[in-house]
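K.L.:
Structure file model-v2.txt, compact mmCIF, C-alpha atoms, is pasted below:
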```txt
# COMPACT_ATOMS: atom_id res chain seq x y z
CA MET X 1 -25.32 47.57 207.42
CA HIS X 2 -26.17 44.92 204.81
CA TRP X 3 -23.89 42.22 206.18
CA ILE X 4 -24.64 43.06 209.82
CA ASN X 5 -28.30 42.54 208.98
CA ALA X 6 -27.49 39.28 207.16
CA VAL X 7 -25.72 37.89 210.25
CA ALA X 8 -28.56 39.00 212.56
CA ILE X 9 -31.20 37.39 210.32
CA PHE X 10 -29.19 34.17 210.09
CA ILE X 11 -29.03 33.99 213.91
CA MET X 12 -32.71 34.83 214.35
CA ILE X 13 -33.96 32.33 211.77
CA GLY X 14 -31.80 29.46 213.03
CA SER X 15 -32.64 30.09 216.69
CA GLY X 16 -36.29 30.77 215.84
CA TRP X 17 -36.57 27.34 214.22
CA LYS X 18 -35.25 25.79 217.44
CA ILE X 19 -37.85 27.68 219.51
CA TYR X 20 -40.55 26.65 217.02
CA ASN X 21 -39.63 22.95 217.35
CA ASP X 22 -40.25 23.14 221.10
CA ASP X 23 -43.90 24.13 220.50
CA ALA X 24 -44.71 23.61 216.82
CA LEU X 25 -47.54 25.51 215.19
CA PHE X 26 -48.05 22.83 212.55
CA SER X 27 -47.81 19.15 213.41
CA PHE X 28 -46.41 18.28 209.98
CA LEU X 29 -43.56 20.81 210.13
CA ARG X 30 -40.42 20.46 212.21
CA PHE X 31 -36.94 21.73 211.39
CA PRO X 32 -33.96 19.34 211.45
CA ASP X 33 -31.53 19.81 214.32
CA ALA X 34 -28.71 20.21 211.80
CA ILE X 35 -30.01 23.62 210.65
CA VAL X 36 -31.16 25.12 213.96
CA ILE X 37 -29.15 27.20 216.44
CA GLY X 38 -29.10 26.14 220.08
CA LYS X 39 -28.87 22.72 221.67
CA TRP X 40 -31.98 23.33 223.77
CA ALA X 41 -34.94 25.68 223.35
CA GLN X 42 -33.60 27.90 226.15
CA TYR X 43 -30.29 28.29 224.33
CA GLY X 44 -32.19 29.02 221.13
CA LEU X 45 -34.11 31.74 222.98
CA GLN X 46 -30.89 33.36 224.18
CA TRP X 47 -29.48 33.33 220.65
CA HIS X 48 -32.77 34.78 219.39
CA PHE X 49 -32.61 37.73 221.79
CA PHE X 50 -28.98 38.33 220.81
CA GLY X 51 -29.85 38.43 217.11
CA MET X 52 -32.97 40.51 217.82
CA TRP X 53 -31.05 43.41 219.36
CA ILE X 54 -28.59 43.45 216.47
CA PHE X 55 -31.48 43.38 213.99
CA VAL X 56 -33.45 46.14 215.74
CA LEU X 57 -30.54 48.53 216.30
CA ASN X 58 -29.17 48.01 212.80
CA GLY X 59 -32.68 48.38 211.36
CA ILE X 60 -33.24 51.69 213.16
CA ALA X 61 -29.90 52.98 211.85
CA TYR X 62 -30.70 51.81 208.31
CA LEU X 63 -34.21 53.28 208.21
CA SER X 64 -33.02 56.56 209.72
CA TYR X 65 -30.22 56.84 207.18
CA GLY X 66 -32.50 56.02 204.26
CA ILE X 67 -35.14 58.56 205.27
CA VAL X 68 -32.87 61.43 206.34
CA THR X 69 -30.58 61.23 203.30
CA GLY X 70 -33.45 60.72 200.85
CA ARG X 71 -31.93 57.43 199.65
CA PHE X 72 -35.26 55.58 199.84
CA ARG X 73 -37.04 58.26 197.82
CA GLN X 74 -34.29 58.25 195.21
CA LYS X 75 -33.72 54.49 194.93
CA LEU X 76 -37.16 52.95 195.56
CA PHE X 77 -39.55 55.41 193.90
CA PRO X 78 -41.35 55.74 191.60
CA ILE X 79 -42.63 52.18 191.07
CA SER X 80 -45.52 50.85 188.98
CA VAL X 81 -47.34 47.51 188.92
CA ARG X 82 -46.89 47.24 185.15
CA GLU X 83 -43.15 47.72 185.50
CA VAL X 84 -43.01 44.94 188.10
CA PHE X 85 -44.76 42.47 185.78
CA VAL X 86 -42.50 43.40 182.88
CA THR X 87 -39.39 42.86 184.98
CA VAL X 88 -40.69 39.51 186.27
CA GLY X 89 -41.27 38.41 182.68
CA GLU X 90 -37.73 39.36 181.74
CA ALA X 91 -36.36 37.42 184.71
CA LEU X 92 -38.37 34.30 183.81
CA ARG X 93 -37.00 34.46 180.24
CA PHE X 94 -33.46 35.01 181.61
CA ARG X 95 -33.32 38.36 179.86
CA LEU X 96 -33.02 40.46 182.98
CA ARG X 97 -30.46 43.20 182.49
CA HIS X 98 -28.97 45.44 185.12
CA ASP X 99 -26.32 47.48 183.36
CA ASP X 100 -26.56 50.38 185.80
CA LEU X 101 -26.07 48.94 189.27
CA THR X 102 -26.86 52.30 190.89
CA HIS X 103 -30.54 51.96 189.87
CA TYR X 104 -32.93 49.23 191.06
CA ASN X 105 -35.35 47.50 188.72
CA ALA X 106 -39.05 47.26 189.59
CA VAL X 107 -38.81 43.82 191.21
CA GLN X 108 -35.95 44.96 193.43
CA LYS X 109 -37.91 48.04 194.49
CA ALA X 110 -40.99 45.95 195.34
CA LEU X 111 -38.93 43.38 197.24
CA TYR X 112 -37.04 45.97 199.29
CA LEU X 113 -40.19 47.89 200.20
CA GLY X 114 -41.98 44.66 201.06
CA VAL X 115 -39.21 43.22 203.20
CA MET X 116 -38.89 46.48 205.14
CA ALA X 117 -42.61 46.32 205.96
CA VAL X 118 -42.23 42.66 206.97
CA GLY X 119 -39.22 43.59 209.12
CA VAL X 120 -41.28 46.14 211.05
CA LEU X 121 -44.13 43.64 211.49
CA ILE X 122 -41.84 40.83 212.69
CA VAL X 123 -40.36 43.14 215.34
CA ILE X 124 -43.83 44.21 216.54
CA SER X 125 -45.09 40.62 216.72
CA GLY X 126 -41.84 39.56 218.38
CA LEU X 127 -42.24 42.16 221.11
CA ALA X 128 -45.83 41.03 221.64
CA LEU X 129 -44.63 37.42 221.98
CA TRP X 130 -41.81 38.36 224.33
CA LYS X 131 -43.77 40.61 226.69
CA PRO X 132 -47.52 40.16 226.02
CA VAL X 133 -48.46 41.90 229.29
CA GLN X 134 -46.04 44.84 229.08
CA PHE X 135 -46.85 45.29 225.37
CA SER X 136 -50.54 44.50 225.74
CA GLU X 137 -51.50 47.23 223.24
CA LEU X 138 -49.40 45.51 220.58
CA ALA X 139 -50.67 42.06 221.55
CA ASN X 140 -54.29 43.21 221.26
CA LEU X 141 -53.70 44.14 217.63
CA PHE X 142 -53.39 40.44 216.75
CA GLY X 143 -56.40 39.17 218.70
CA SER X 144 -54.82 36.15 220.41
CA PHE X 145 -51.43 34.74 221.37
CA GLN X 146 -51.65 32.04 218.69
CA ASN X 147 -52.34 34.71 216.08
CA ILE X 148 -49.18 36.51 217.18
CA ARG X 149 -47.19 33.29 216.75
CA LEU X 150 -48.73 32.72 213.32
CA VAL X 151 -47.96 36.25 212.12
CA HIS X 152 -44.39 35.98 213.45
CA PHE X 153 -43.95 32.64 211.65
CA LEU X 154 -45.36 33.98 208.36
CA CYS X 155 -43.05 37.02 208.55
CA MET X 156 -40.09 34.68 209.01
CA THR X 157 -41.27 32.68 205.99
CA ALA X 158 -41.54 35.88 203.92
CA ILE X 159 -37.98 36.84 204.86
CA VAL X 160 -36.68 33.39 203.86
CA VAL X 161 -38.49 33.70 200.51
CA PHE X 162 -37.01 37.18 200.06
CA ILE X 163 -33.50 35.82 200.66
CA VAL X 164 -34.02 33.07 198.07
CA VAL X 165 -35.36 35.52 195.47
CA HIS X 166 -32.69 38.10 196.34
CA VAL X 167 -29.84 35.62 195.82
CA THR X 168 -31.47 34.19 192.67
CA LEU X 169 -31.75 37.64 191.06
CA ALA X 170 -28.15 38.34 192.01
CA LEU X 171 -27.04 35.11 190.33
CA LEU X 172 -28.97 36.06 187.17
CA VAL X 173 -26.97 39.30 187.05
CA PRO X 174 -23.44 38.33 188.21
CA GLN X 175 -22.12 41.90 188.36
CA SER X 176 -24.78 42.73 190.96
CA LEU X 177 -23.58 39.78 193.07
CA LEU X 178 -20.05 41.15 192.97
CA ALA X 179 -21.32 44.61 193.97
CA MET X 180 -23.28 43.06 196.85
CA LEU X 181 -20.13 41.34 198.12
CA THR X 182 -17.87 44.39 197.76
CA GLY X 183 -20.30 47.02 199.00
CA GLY X 184 -21.63 48.29 195.68
CA PRO X 185 -20.23 50.32 192.79
CA ALA X 186 -18.70 53.71 193.37
CA ILE X 187 -20.99 56.54 192.33
CA ASP X 188 -19.25 59.48 190.74
CA SER X 189 -21.16 62.58 191.72
CA ASP X 190 -19.54 64.53 188.88
CA GLU X 191 -21.03 62.34 186.13
CA ALA X 192 -24.47 63.92 186.20
CA PRO X 193 -25.92 67.02 187.83
CA SER X 194 -28.17 66.55 190.79
CA ALA X 195 -31.89 66.93 190.17
CA ALA X 196 -32.20 69.08 193.25
CA ALA X 197 -29.54 71.47 192.07
CA PRO X 198 -29.82 72.09 188.33
CA THR X 199 -26.83 73.68 186.69
CA VAL X 200 -27.08 77.13 185.23
CA ALA X 201 -24.97 78.04 182.27
CA GLU X 202 -22.41 80.62 183.19
CA THR X 203 -22.57 83.73 181.09
CA LYS X 204 -19.48 85.81 180.68
CA THR X 205 -19.86 89.51 180.17
CA ILE X 206 -17.43 91.25 177.89
CA PRO X 207 -16.33 94.55 179.35
CA GLU X 208 -17.42 97.54 177.28
CA ILE X 209 -14.56 99.31 175.60
CA LYS X 210 -15.00 103.01 175.59
CA THR X 211 -13.41 104.99 172.83
CA VAL X 212 -11.54 108.09 173.73
CA PRO X 213 -12.33 111.02 171.41
CA GLU X 214 -9.43 112.50 169.52
CA ILE X 215 -8.27 115.90 170.69
CA GLU X 216 -7.33 118.31 167.96
CA THR X 217 -4.16 120.17 168.58
CA SER X 218 -3.57 123.56 167.11
CA ARG X 219 -0.41 124.06 165.19
```
Translate the structure described by the file into structure tokens.

P.N.:
Amino acid sequence: MHWINAVAIFIMIGSGWKIYNDDALFSFLRFPDAIVIGKWAQYGLQWHFFGMWIFVLNGIAYLSYGIVTGRFRQKLFPISVREVFVTVGEALRFRLRHDDLTHYNAVQKALYLGVMAVGVLIVISGLALWKPVQFSELANLFGSFQNIRLVHFLCMTAIVVFIVVHVTLALLVPQSLLAMLTGGPAIDSDEAPSAAAPTVAETKTIPEIKTVPEIETSR
């Protein structure tokens, strides 16, 4: 799911920049043609829809899997603000350690939770941009069409920032980069007992040995 999502986001960002250039929100910001997808805005729009369906379907599968299996609860919680600041400090001093790749640090937890919320918001704003009449209830949440465009643009910016931070943290901890490329470390379920199913020490009962009374025999 990770790499499918990466491809979908790459397509959506590149094509989205092409669509943006056709009607820029900010006069000072335009994206070079070398980094956009689509020769014309119409082609960029077609690429954007293609990436959107991949992103949405893969996102539904990912969120469903994470919720049903309890992976989100196990991997992303608990999290504290203090722990986030401590981890950021360690990263800035290049002392960030990640010996156990099966557990996320506080910054990773915050980033993953944040980007999932942004992913939901960018889909909602995208639907409102695509079909403002059919999805009028969604469009009304943003107040105006320009507000929808602004929110969609800011969500895209947040995702780009997430990618930069995500790759930077992976480079600071090379073994996590390798795990990201290969699909992650194998988790041995026999190493530790599950919290949901605590082990109970087996007690062995020793069978009682009954003595047989001696029988006197008459001579």

K.L.:
Report as a tab-separated table: every residue of region 107-137 of chain X with an atom at most 12 Å from region 51-57 of chain X, its closest pair of atoms, and their distance in Å to one decimal, counting all atoms listed in the file, with rows sorted by chain and ascending residue number.

P.N.:
```
residue	atom	partner	partner_atom	distance
X:Met116	CA	X:Val56	CA	11.9
X:Gly119	CA	X:Val56	CA	9.1
X:Val120	CA	X:Val56	CA	9.1
X:Leu121	CA	X:Val56	CA	11.8
X:Ile122	CA	X:Met52	CA	10.3
X:Val123	CA	X:Val56	CA	7.5
X:Ile124	CA	X:Val56	CA	10.6
X:Gly126	CA	X:Met52	CA	8.9
X:Leu127	CA	X:Met52	CA	10.0
X:Trp130	CA	X:Met52	CA	11.2
```

K.L.:
Please dump the current selection as a short mmCIF file (atom, residue, chain, number, x, y, z; two decimals), in the coordinates of the input; keep C-alpha atoms.

P.N.:
```cif
data_model
loop_
_atom_site.label_atom_id
_atom_site.label_comp_id
_atom_site.auth_asym_id
_atom_site.auth_seq_id
_atom_site.Cartn_x
_atom_site.Cartn_y
_atom_site.Cartn_z
CA MET X 116 -38.89 46.48 205.14
CA GLY X 119 -39.22 43.59 209.12
CA VAL X 120 -41.28 46.14 211.05
CA LEU X 121 -44.13 43.64 211.49
CA ILE X 122 -41.84 40.83 212.69
CA VAL X 123 -40.36 43.14 215.34
CA ILE X 124 -43.83 44.21 216.54
CA GLY X 126 -41.84 39.56 218.38
CA LEU X 127 -42.24 42.16 221.11
CA TRP X 130 -41.81 38.36 224.33
#
```

K.L.:
So which one's closest to Ala117 (chain X), X:Asp22, X:Phe85, X:Ala8, X:Ala158? Using only C-alpha atoms, please.

P.N.:
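Looking at the shortest contact to Ala117 (chain X), the residue is X:Ala158.
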
K.L.:
Between X:Ile60, X:Val167, X:Ile13, X:Ile35, which is the closest to Trp47 (chain X) once you count all atoms listed in the file?

P.N.:
X:Ile13

K.L.:
Select, from X:Pro132, X:Thr157, X:Val88, X:Val164, the residue with the minimum atom-to-atom distance to Trp17 (chain X), counting all atoms listed in the file.

P.N.:
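Among the listed residues, X:Thr157 lies closest to Trp17 (chain X).
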
K.L.:
For Pro32 (chain X), which residue out of X:Thr87, X:Arg71, X:Gly14, X:Asn105 is the nearest one, using all atoms listed in the file?

P.N.:
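Of all the options, X:Gly14 lies closest to Pro32 (chain X).
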
K.L.:
Using only C-alpha atoms for the distances, tell me which of X:Leu113, X:Ala106, X:Ile19, X:Leu76 is nearest to Glu90 (chain X).

P.N.:
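Closest to Glu90 (chain X), using only C-alpha atoms: X:Ala106.
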
K.L.:
Let me have the centre and edge lengths in Å, one decimal, of the box along x, y and z around every listed atom of region 144-156 of chain X with 6 Å of margin on each side, as JSON.

P.N.:
```
{"center_x": -47.5, "center_y": 34.5, "center_z": 214.9, "size_x": 26.7, "size_y": 17.0, "size_z": 25.0}
```

K.L.:
Quick one: everything within 12 Å of Phe145 (chain X), counting all atoms listed in the file, minus sequence neighbours fewer than 2 positions away in the same chain. Send it as a ChimeraX atom specification.

P.N.:
/X:25,125-133,136,138-143,147-152

K.L.:
One decimal, in Å: what's the spacing between CA of Ile37 (chain X) and CA of Phe10 (chain X)?

P.N.:
9.4 Å
